[in-house]
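Undergrad: What follows is a structure written as structure tokens; I'll ask about it next.
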Amino acid sequence: MSNFTLLGNTTNSQMFGCVITTGKHTIVIDGGTMYDDKQLADFLEQNANSRVDAWFFTHPHHDHIGCFINICKNHPEIKIEKVYHHFPDYETIRQHTRSETENTLVADFFKLSHGKETSKLSVNETFVFDNVSILVLRIYNPAITENFINNSSTVYRIDGDQGSFLILGDLGVEGGNELMKNCPKALLQTEYTQMAHHGQNGVSKEFYEYIQPQKCIWPSPKWLWDNDAGDGFDTGPWQTVRTREWVLEIGVTEHIVEKDGMQKIIF
């Protein structure tokens with residue numbers, strides 16, 4: 001059996017990162033912010049001999065690529081064998097990023113990843129690591145310009161001997177609609193679903209009704225989980241509580257939430 005570890009945040013901010021360890025291999029997906037690098041480096045030292053066989057990414061926002069950047073810059077003991085993504089090109093990303101700080105991070109990512117063995121992903125591409133398979137269900141579509149960077153998210157299906165995961169990154173409504181149209185429904189139905197865009201303003205209610213998640217993984221700190229901007233439960237501008245209501249209607253009762261720290265799922 002293998003382990004899926006959801007990383008906890010170290011700065012009380014939203015982020016997403018997970019580590020999959022098999023008998024012989026270690027796979028990272030995203031990783032979190034720049035400030036989450038020590039958490040990941042410590043985990044890899046303790047559980048993977050400071051080695052990453054494959055590092056996959058969903059999309060180029062700081063809370064998904066930042067950890068990789070600081071691992072490369074500040075942790076030479078971590079050996080990264082291969083990097084996989086399907087990002088838009090840098091100039092396209094620059095047109096849609098939120099700040100020059102974000103642009104600088106993306107430029108750093110491309111520079112650092114190009115110094116390693118890097119592959120551009122394709123739909124239906126499959127990777128096998130011992131008993132774990134990772135299938136690419138969706139890559140960025142340049143025709144979807146609404147919510148561009150979030151909707152550029154690569155979507156993965158992960159299967160092990162005793163469990164399966166759907167990784168949605170920060171996919172938005174438009175990307176979710178595209179998935180429902182183009183991807184066989186059976187491939188979208190897994191035991192664990194990573195909630196898109198940290199559980200709010202991601203894919204639609206109809207998408208979750210379509211895939212019928214069984215258990216939900218939330219890359220959400222406590223304030224976001226509770227939609228608390230400082231005045232108490234569900235007083236903020238975020239839609240997390242609405243999304244919680246959606247999946248409760250579907251019948252989901254088991255939630256793995258970033259706010260609770262690092263958590264391991266055996267699959």
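Labeling convention for the structure tokens: chains A, B, ... as they appear, residues from 1 per chain, ligands from 1 in order of appearance.
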Per DSSP on the backbone, filter range 55-200 of chain A down to the residues in strand (DSSP E or B) and report them as a VMD selection string.

TA: chain A and resid 55 to 56 79 to 80 82 to 85 117 to 120 126 to 129 132 to 138 155 to 159 164 to 167 192 to 194

Undergrad: Would you mind exporting the chosen residues as a CSV table (one decimal), in the first residue's frame, restricted to N, CA, C and O atoms?

TA:
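What follows is the written file result.csv:
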```csv
chain,number,residue,atom,x,y,z
A,55,TRP,N,7.7,15.5,-9.6
A,55,TRP,CA,7.0,16.6,-9.0
A,55,TRP,C,6.0,17.1,-10.1
A,55,TRP,O,6.4,17.7,-11.1
A,56,PHE,N,4.7,17.0,-9.8
A,56,PHE,CA,3.6,17.4,-10.7
A,56,PHE,C,3.0,18.7,-10.2
A,56,PHE,O,2.9,19.0,-9.0
A,79,LYS,N,16.8,16.2,-3.7
A,79,LYS,CA,17.1,15.8,-5.1
A,79,LYS,C,15.8,15.6,-5.8
A,79,LYS,O,15.0,14.7,-5.5
A,80,ILE,N,15.5,16.4,-6.9
A,80,ILE,CA,14.3,16.4,-7.7
A,80,ILE,C,14.7,15.8,-9.0
A,80,ILE,O,15.4,16.4,-9.8
A,82,LYS,N,12.4,14.6,-11.7
A,82,LYS,CA,11.6,15.0,-12.9
A,82,LYS,C,10.5,16.0,-12.4
A,82,LYS,O,10.0,15.9,-11.4
A,83,VAL,N,10.2,16.9,-13.3
A,83,VAL,CA,9.2,17.9,-13.1
A,83,VAL,C,8.2,17.8,-14.2
A,83,VAL,O,8.6,17.7,-15.4
A,84,TYR,N,6.9,17.8,-13.9
A,84,TYR,CA,5.8,17.7,-14.9
A,84,TYR,C,4.8,18.8,-14.7
A,84,TYR,O,4.3,19.1,-13.6
A,85,HIS,N,4.4,19.4,-15.8
A,85,HIS,CA,3.3,20.4,-15.8
A,85,HIS,C,2.8,20.7,-17.2
A,85,HIS,O,3.5,20.2,-18.2
A,117,GLU,N,15.0,17.9,-15.4
A,117,GLU,CA,14.3,17.2,-16.4
A,117,GLU,C,12.8,17.5,-16.3
A,117,GLU,O,12.2,17.1,-15.4
A,118,THR,N,12.3,18.2,-17.3
A,118,THR,CA,11.0,18.7,-17.3
A,118,THR,C,10.2,18.2,-18.5
A,118,THR,O,10.7,18.3,-19.6
A,119,SER,N,8.9,17.8,-18.2
A,119,SER,CA,8.1,17.3,-19.3
A,119,SER,C,6.8,18.0,-19.3
A,119,SER,O,6.2,18.4,-18.3
A,120,LYS,N,6.3,18.3,-20.5
A,120,LYS,CA,5.0,19.0,-20.7
A,120,LYS,C,3.9,17.9,-20.8
A,120,LYS,O,4.0,17.0,-21.7
A,126,THR,N,-0.3,8.6,-18.7
A,126,THR,CA,-0.4,7.9,-17.5
A,126,THR,C,1.1,7.6,-17.0
A,126,THR,O,1.9,7.3,-17.8
A,127,PHE,N,1.2,7.8,-15.7
A,127,PHE,CA,2.5,7.5,-15.0
A,127,PHE,C,2.3,6.5,-13.9
A,127,PHE,O,1.3,6.5,-13.2
A,128,VAL,N,3.2,5.5,-13.9
A,128,VAL,CA,3.0,4.4,-12.9
A,128,VAL,C,4.2,4.4,-12.0
A,128,VAL,O,5.4,4.4,-12.5
A,129,PHE,N,4.0,4.4,-10.7
A,129,PHE,CA,5.0,4.3,-9.7
A,129,PHE,C,4.6,3.2,-8.7
A,129,PHE,O,3.7,3.3,-7.9
A,132,VAL,N,1.0,2.7,-7.8
A,132,VAL,CA,0.2,3.9,-7.9
A,132,VAL,C,0.3,4.4,-9.4
A,132,VAL,O,1.3,4.4,-10.0
A,133,SER,N,-0.9,4.7,-9.9
A,133,SER,CA,-0.9,5.3,-11.3
A,133,SER,C,-1.5,6.7,-11.2
A,133,SER,O,-2.4,7.0,-10.4
A,134,ILE,N,-0.9,7.6,-12.0
A,134,ILE,CA,-1.4,9.0,-12.1
A,134,ILE,C,-1.8,9.2,-13.6
A,134,ILE,O,-1.0,9.1,-14.5
A,135,LEU,N,-3.1,9.6,-13.8
A,135,LEU,CA,-3.6,9.8,-15.1
A,135,LEU,C,-3.9,11.3,-15.3
A,135,LEU,O,-4.6,11.9,-14.4
A,136,VAL,N,-3.5,11.9,-16.4
A,136,VAL,CA,-3.8,13.3,-16.7
A,136,VAL,C,-5.2,13.3,-17.3
A,136,VAL,O,-5.4,12.8,-18.4
A,137,LEU,N,-6.1,14.0,-16.7
A,137,LEU,CA,-7.5,14.0,-17.2
A,137,LEU,C,-7.7,15.3,-18.0
A,137,LEU,O,-8.6,15.3,-18.9
A,138,ARG,N,-7.0,16.4,-17.7
A,138,ARG,CA,-7.2,17.6,-18.3
A,138,ARG,C,-6.0,18.5,-18.2
A,138,ARG,O,-5.3,18.5,-17.2
A,155,VAL,N,-5.7,18.6,-14.3
A,155,VAL,CA,-6.5,17.7,-13.4
A,155,VAL,C,-5.9,16.3,-13.5
A,155,VAL,O,-5.7,15.8,-14.6
A,156,TYR,N,-5.7,15.7,-12.3
A,156,TYR,CA,-5.1,14.4,-12.2
A,156,TYR,C,-6.1,13.4,-11.5
A,156,TYR,O,-6.8,13.8,-10.6
A,157,ARG,N,-6.1,12.2,-11.9
A,157,ARG,CA,-6.7,11.0,-11.2
A,157,ARG,C,-5.5,10.1,-10.7
A,157,ARG,O,-4.7,9.7,-11.5
A,158,ILE,N,-5.6,9.8,-9.4
A,158,ILE,CA,-4.6,9.0,-8.8
A,158,ILE,C,-5.2,7.7,-8.3
A,158,ILE,O,-6.3,7.8,-7.6
A,159,ASP,N,-4.7,6.6,-8.6
A,159,ASP,CA,-5.2,5.3,-8.2
A,159,ASP,C,-4.2,4.5,-7.5
A,159,ASP,O,-3.0,4.4,-8.0
A,164,SER,N,-8.6,6.0,-4.4
A,164,SER,CA,-8.4,6.9,-5.6
A,164,SER,C,-8.7,8.3,-5.2
A,164,SER,O,-9.4,8.6,-4.3
A,165,PHE,N,-8.0,9.2,-6.0
A,165,PHE,CA,-8.1,10.6,-5.7
A,165,PHE,C,-8.3,11.4,-7.0
A,165,PHE,O,-7.7,11.1,-8.1
A,166,LEU,N,-9.1,12.5,-6.9
A,166,LEU,CA,-9.3,13.4,-8.0
A,166,LEU,C,-8.7,14.7,-7.6
A,166,LEU,O,-9.1,15.3,-6.6
A,167,ILE,N,-7.6,15.2,-8.3
A,167,ILE,CA,-6.9,16.5,-7.9
A,167,ILE,C,-7.4,17.5,-8.9
A,167,ILE,O,-7.1,17.4,-10.1
A,192,TYR,N,-11.7,10.0,-3.0
A,192,TYR,CA,-11.4,11.3,-2.4
A,192,TYR,C,-11.3,12.3,-3.5
A,192,TYR,O,-10.8,12.1,-4.6
A,193,THR,N,-12.0,13.5,-3.3
A,193,THR,CA,-12.0,14.6,-4.2
A,193,THR,C,-11.3,15.8,-3.6
A,193,THR,O,-11.7,16.2,-2.5
A,194,GLN,N,-10.3,16.3,-4.2
A,194,GLN,CA,-9.7,17.6,-3.7
A,194,GLN,C,-10.6,18.7,-4.2
A,194,GLN,O,-10.8,18.9,-5.4
```

Undergrad: So which one's closest to Gln14 in chain A, A:Lys259, A:His86, A:Lys264, A:Lys116? Using only C-alpha atoms, please.

TA: A:Lys259

Undergrad: Excluding Gly175 in chain A and any residue of its chain fewer than 5 positions from it, enumerate the residues within 9 Å of it, using only C-alpha atoms, and give them as a list in words.

TA: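 Residues near the query, excluding close chain neighbours: Arg138, Tyr140, Asn141, Ile144, Asn150, Asn151, Ser152, Ser153, Met180 and Val203 of chain A.
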
Undergrad: Of the candidates A:Asp228, A:Gly66, A:Thr104, A:Asp130, which one gets nearest to Thr26 in chain A if we count only C-alpha atoms?

TA: A:Asp130

Undergrad: What's around range 248-258 of chain A at 6 Å? Count only C-alpha atoms, leave out sequence neighbours fewer than 2 positions away in its own chain, and write the answer as a ChimeraX atom specification.

TA: /A:8,214-221,245-246,260-261

Undergrad: Give me a file of those residues, with all heavy atoms, as a tab-separated table (two decimals), in the first residue's frame.

TA:
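File written: part02.tsv
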```
chain	number	residue	atom	x	y	z
A	8	GLY	N	-0.04	20.34	5.69
A	8	GLY	CA	-0.71	21.42	6.40
A	8	GLY	C	-0.04	22.74	6.08
A	8	GLY	O	1.13	22.79	5.71
A	214	GLN	N	-17.17	11.11	-2.59
A	214	GLN	CA	-17.40	10.30	-1.39
A	214	GLN	C	-16.77	10.92	-0.15
A	214	GLN	O	-17.38	10.96	0.92
A	214	GLN	CB	-16.83	8.90	-1.60
A	214	GLN	CG	-17.43	8.13	-2.76
A	214	GLN	CD	-16.76	6.79	-2.94
A	214	GLN	OE1	-16.44	6.07	-1.99
A	214	GLN	NE2	-16.52	6.41	-4.19
A	215	LYS	N	-15.53	11.40	-0.30
A	215	LYS	CA	-14.81	12.05	0.79
A	215	LYS	C	-14.10	13.26	0.20
A	215	LYS	O	-13.61	13.19	-0.93
A	215	LYS	CB	-13.80	11.09	1.42
A	215	LYS	CG	-14.43	9.81	1.95
A	215	LYS	CD	-13.38	8.78	2.34
A	215	LYS	CE	-14.03	7.46	2.73
A	215	LYS	NZ	-13.01	6.40	3.02
A	216	CYS	N	-14.03	14.33	0.97
A	216	CYS	CA	-13.51	15.58	0.42
A	216	CYS	C	-12.21	16.00	1.09
A	216	CYS	O	-12.09	15.94	2.32
A	216	CYS	CB	-14.54	16.70	0.59
A	216	CYS	SG	-16.05	16.44	-0.37
A	217	ILE	N	-11.26	16.42	0.26
A	217	ILE	CA	-10.01	16.98	0.74
A	217	ILE	C	-10.05	18.48	0.50
A	217	ILE	O	-10.21	18.93	-0.64
A	217	ILE	CB	-8.81	16.34	0.00
A	217	ILE	CG1	-8.72	14.84	0.35
A	217	ILE	CG2	-7.51	17.06	0.34
A	217	ILE	CD1	-7.66	14.10	-0.43
A	218	TRP	N	-9.90	19.25	1.57
A	218	TRP	CA	-10.04	20.70	1.51
A	218	TRP	C	-8.68	21.37	1.77
A	218	TRP	O	-8.16	21.28	2.89
A	218	TRP	CB	-11.02	21.19	2.58
A	218	TRP	CG	-12.41	20.67	2.45
A	218	TRP	CD1	-12.86	19.42	2.78
A	218	TRP	CD2	-13.56	21.39	1.99
A	218	TRP	NE1	-14.21	19.31	2.55
A	218	TRP	CE2	-14.67	20.50	2.07
A	218	TRP	CE3	-13.76	22.69	1.54
A	218	TRP	CZ2	-15.95	20.89	1.70
A	218	TRP	CZ3	-15.03	23.07	1.18
A	218	TRP	CH2	-16.11	22.19	1.25
A	219	PRO	N	-8.11	22.06	0.79
A	219	PRO	CA	-6.89	22.83	1.03
A	219	PRO	C	-7.26	24.19	1.65
A	219	PRO	O	-7.03	25.25	1.07
A	219	PRO	CB	-6.28	22.99	-0.36
A	219	PRO	CG	-7.12	22.16	-1.29
A	219	PRO	CD	-8.45	22.04	-0.63
A	220	SER	N	-7.83	24.16	2.85
A	220	SER	CA	-8.45	25.34	3.45
A	220	SER	C	-7.98	25.54	4.88
A	220	SER	O	-8.16	24.65	5.72
A	220	SER	CB	-9.98	25.20	3.45
A	220	SER	OG	-10.46	24.72	2.21
A	221	PRO	N	-7.39	26.71	5.21
A	221	PRO	CA	-7.12	27.03	6.61
A	221	PRO	C	-8.43	27.29	7.34
A	221	PRO	O	-9.49	27.41	6.72
A	221	PRO	CB	-6.27	28.30	6.52
A	221	PRO	CG	-6.64	28.91	5.20
A	221	PRO	CD	-6.99	27.77	4.29
A	245	GLU	N	-22.21	23.00	2.25
A	245	GLU	CA	-23.63	22.64	2.18
A	245	GLU	C	-23.92	21.81	0.94
A	245	GLU	O	-24.71	20.85	1.01
A	245	GLU	CB	-24.47	23.92	2.18
A	245	GLU	CG	-24.41	24.69	3.50
A	245	GLU	CD	-25.04	26.07	3.41
A	245	GLU	OE1	-25.38	26.51	2.28
A	245	GLU	OE2	-25.21	26.72	4.46
A	246	TRP	N	-23.29	22.14	-0.18
A	246	TRP	CA	-23.49	21.36	-1.41
A	246	TRP	C	-23.13	19.90	-1.18
A	246	TRP	O	-23.92	19.00	-1.52
A	246	TRP	CB	-22.60	21.89	-2.52
A	246	TRP	CG	-22.89	23.26	-3.01
A	246	TRP	CD1	-23.96	24.06	-2.70
A	246	TRP	CD2	-22.07	24.02	-3.91
A	246	TRP	NE1	-23.86	25.25	-3.34
A	246	TRP	CE2	-22.72	25.27	-4.10
A	246	TRP	CE3	-20.88	23.77	-4.58
A	246	TRP	CZ2	-22.18	26.26	-4.92
A	246	TRP	CZ3	-20.34	24.74	-5.41
A	246	TRP	CH2	-20.99	25.97	-5.57
A	260	ASP	N	-6.38	21.21	9.87
A	260	ASP	CA	-6.07	20.24	10.90
A	260	ASP	C	-4.63	19.73	10.82
A	260	ASP	O	-4.25	18.79	11.54
A	260	ASP	CB	-7.04	19.06	10.82
A	260	ASP	CG	-8.47	19.49	11.06
A	260	ASP	OD1	-8.69	20.35	11.95
A	260	ASP	OD2	-9.38	19.01	10.37
A	261	GLY	N	-3.82	20.33	9.97
A	261	GLY	CA	-2.42	19.96	9.87
A	261	GLY	C	-2.17	18.82	8.90
A	261	GLY	O	-3.07	18.36	8.19
```

Undergrad: Using DSSP secondary structure from the backbone, list all alpha helix (DSSP H) positions within range 114-186 of chain A, as a list in words.

TA: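 Secondary structure check on range 114-186 of chain A, alpha helix (DSSP H): His114, Phe148, Ile149, Asn150, Asn151, Val173, Glu174, Gly175, Gly176, Asn177, Glu178, Leu179, Met180, Lys181, Asn182, Lys185 and Ala186 of chain A.
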
Undergrad: Pick from A:Ala229, A:Ala107, A:Cys67, A:Leu179: nearest to Phe207 in chain A, with only C-alpha atoms counted?

TA: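 Checking each of A:Ala229, A:Ala107, A:Cys67, A:Leu179 against Phe207 in chain A, counting only C-alpha atoms, the winner is A:Leu179.
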
Undergrad: Under the rule that only C-alpha atoms are counted, which of A:Glu174, A:Asp53, A:Glu45, A:Asp161 is the nearest residue to Phe148 in chain A?

TA: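 Residue with the minimum atom-to-atom distance to Phe148 in chain A: A:Glu174.
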
Undergrad: Just want the 9 Å neighbourhood of Asp226 in chain A, counted on only C-alpha atoms, with same-chain residues fewer than 4 positions away dropped. Output as a PyMOL selection string.

TA: chain A and resi 221-222+232-236+240-241

Undergrad: Once you have the residues from the selection above, write them out as a PDB file, in the first residue's frame, restricted to all heavy atoms.

TA:
```
ATOM      1  N   PRO A 221      -7.388  26.709   5.209  1.00  0.00           N
ATOM      2  CA  PRO A 221      -7.120  27.034   6.610  1.00  0.00           C
ATOM      3  C   PRO A 221      -8.431  27.286   7.344  1.00  0.00           C
ATOM      4  O   PRO A 221      -9.494  27.413   6.716  1.00  0.00           O
ATOM      5  CB  PRO A 221      -6.266  28.299   6.519  1.00  0.00           C
ATOM      6  CG  PRO A 221      -6.639  28.909   5.203  1.00  0.00           C
ATOM      7  CD  PRO A 221      -6.986  27.771   4.291  1.00  0.00           C
ATOM      8  N   LYS A 222      -8.367  27.402   8.653  1.00  0.00           N
ATOM      9  CA  LYS A 222      -9.594  27.483   9.458  1.00  0.00           C
ATOM     10  C   LYS A 222     -10.447  28.686   9.089  1.00  0.00           C
ATOM     11  O   LYS A 222     -11.668  28.575   8.979  1.00  0.00           O
ATOM     12  CB  LYS A 222      -9.252  27.511  10.951  1.00  0.00           C
ATOM     13  CG  LYS A 222     -10.489  27.546  11.843  1.00  0.00           C
ATOM     14  CD  LYS A 222     -10.169  27.349  13.300  1.00  0.00           C
ATOM     15  CE  LYS A 222     -11.390  27.564  14.187  1.00  0.00           C
ATOM     16  NZ  LYS A 222     -12.578  26.801  13.767  1.00  0.00           N
ATOM     17  N   GLY A 232     -16.557  36.146  12.920  1.00  0.00           N
ATOM     18  CA  GLY A 232     -17.229  34.908  13.270  1.00  0.00           C
ATOM     19  C   GLY A 232     -17.608  34.058  12.077  1.00  0.00           C
ATOM     20  O   GLY A 232     -17.365  34.414  10.918  1.00  0.00           O
ATOM     21  N   PHE A 233     -18.216  32.918  12.375  1.00  0.00           N
ATOM     22  CA  PHE A 233     -18.558  31.915  11.370  1.00  0.00           C
ATOM     23  C   PHE A 233     -19.451  32.480  10.285  1.00  0.00           C
ATOM     24  O   PHE A 233     -20.471  33.125  10.564  1.00  0.00           O
ATOM     25  CB  PHE A 233     -19.243  30.728  12.058  1.00  0.00           C
ATOM     26  CG  PHE A 233     -19.653  29.628  11.115  1.00  0.00           C
ATOM     27  CD1 PHE A 233     -18.733  28.704  10.666  1.00  0.00           C
ATOM     28  CD2 PHE A 233     -20.964  29.532  10.670  1.00  0.00           C
ATOM     29  CE1 PHE A 233     -19.098  27.693   9.786  1.00  0.00           C
ATOM     30  CE2 PHE A 233     -21.351  28.523   9.796  1.00  0.00           C
ATOM     31  CZ  PHE A 233     -20.404  27.605   9.359  1.00  0.00           C
ATOM     32  N   ASP A 234     -19.048  32.241   9.038  1.00  0.00           N
ATOM     33  CA  ASP A 234     -19.814  32.576   7.829  1.00  0.00           C
ATOM     34  C   ASP A 234     -20.146  34.066   7.738  1.00  0.00           C
ATOM     35  O   ASP A 234     -21.241  34.444   7.302  1.00  0.00           O
ATOM     36  CB  ASP A 234     -21.098  31.745   7.754  1.00  0.00           C
ATOM     37  CG  ASP A 234     -21.592  31.586   6.309  1.00  0.00           C
ATOM     38  OD1 ASP A 234     -20.796  31.843   5.380  1.00  0.00           O
ATOM     39  OD2 ASP A 234     -22.771  31.210   6.123  1.00  0.00           O
ATOM     40  N   THR A 235     -19.191  34.888   8.132  1.00  0.00           N
ATOM     41  CA  THR A 235     -19.389  36.334   8.015  1.00  0.00           C
ATOM     42  C   THR A 235     -18.486  36.947   6.950  1.00  0.00           C
ATOM     43  O   THR A 235     -18.555  38.149   6.706  1.00  0.00           O
ATOM     44  CB  THR A 235     -19.106  37.032   9.356  1.00  0.00           C
ATOM     45  OG1 THR A 235     -17.764  36.722   9.776  1.00  0.00           O
ATOM     46  CG2 THR A 235     -20.093  36.576  10.423  1.00  0.00           C
ATOM     47  N   GLY A 236     -17.648  36.132   6.326  1.00  0.00           N
ATOM     48  CA  GLY A 236     -16.716  36.635   5.330  1.00  0.00           C
ATOM     49  C   GLY A 236     -17.280  36.576   3.919  1.00  0.00           C
ATOM     50  O   GLY A 236     -18.429  36.170   3.704  1.00  0.00           O
ATOM     51  N   THR A 240     -16.980  29.090   1.026  1.00  0.00           N
ATOM     52  CA  THR A 240     -16.659  27.758   1.542  1.00  0.00           C
ATOM     53  C   THR A 240     -17.841  27.094   2.235  1.00  0.00           C
ATOM     54  O   THR A 240     -18.080  25.893   2.048  1.00  0.00           O
ATOM     55  CB  THR A 240     -15.488  27.848   2.548  1.00  0.00           C
ATOM     56  OG1 THR A 240     -14.695  28.996   2.257  1.00  0.00           O
ATOM     57  CG2 THR A 240     -14.639  26.589   2.501  1.00  0.00           C
ATOM     58  N   VAL A 241     -18.559  27.838   3.025  1.00  0.00           N
ATOM     59  CA  VAL A 241     -19.684  27.245   3.762  1.00  0.00           C
ATOM     60  C   VAL A 241     -20.765  26.797   2.795  1.00  0.00           C
ATOM     61  O   VAL A 241     -21.406  25.755   3.001  1.00  0.00           O
ATOM     62  CB  VAL A 241     -20.223  28.234   4.812  1.00  0.00           C
ATOM     63  CG1 VAL A 241     -21.475  27.673   5.482  1.00  0.00           C
ATOM     64  CG2 VAL A 241     -19.153  28.514   5.869  1.00  0.00           C
TER      65      VAL A 241
END
```

Undergrad: Rank nothing, just name the residue among A:Thr11, A:Thr145, A:Asn227, A:Asn47 nearest to His96 in chain A, using only C-alpha atoms.

TA: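 Ranking A:Thr11, A:Thr145, A:Asn227, A:Asn47 by distance to His96 in chain A, first place goes to A:Thr145.
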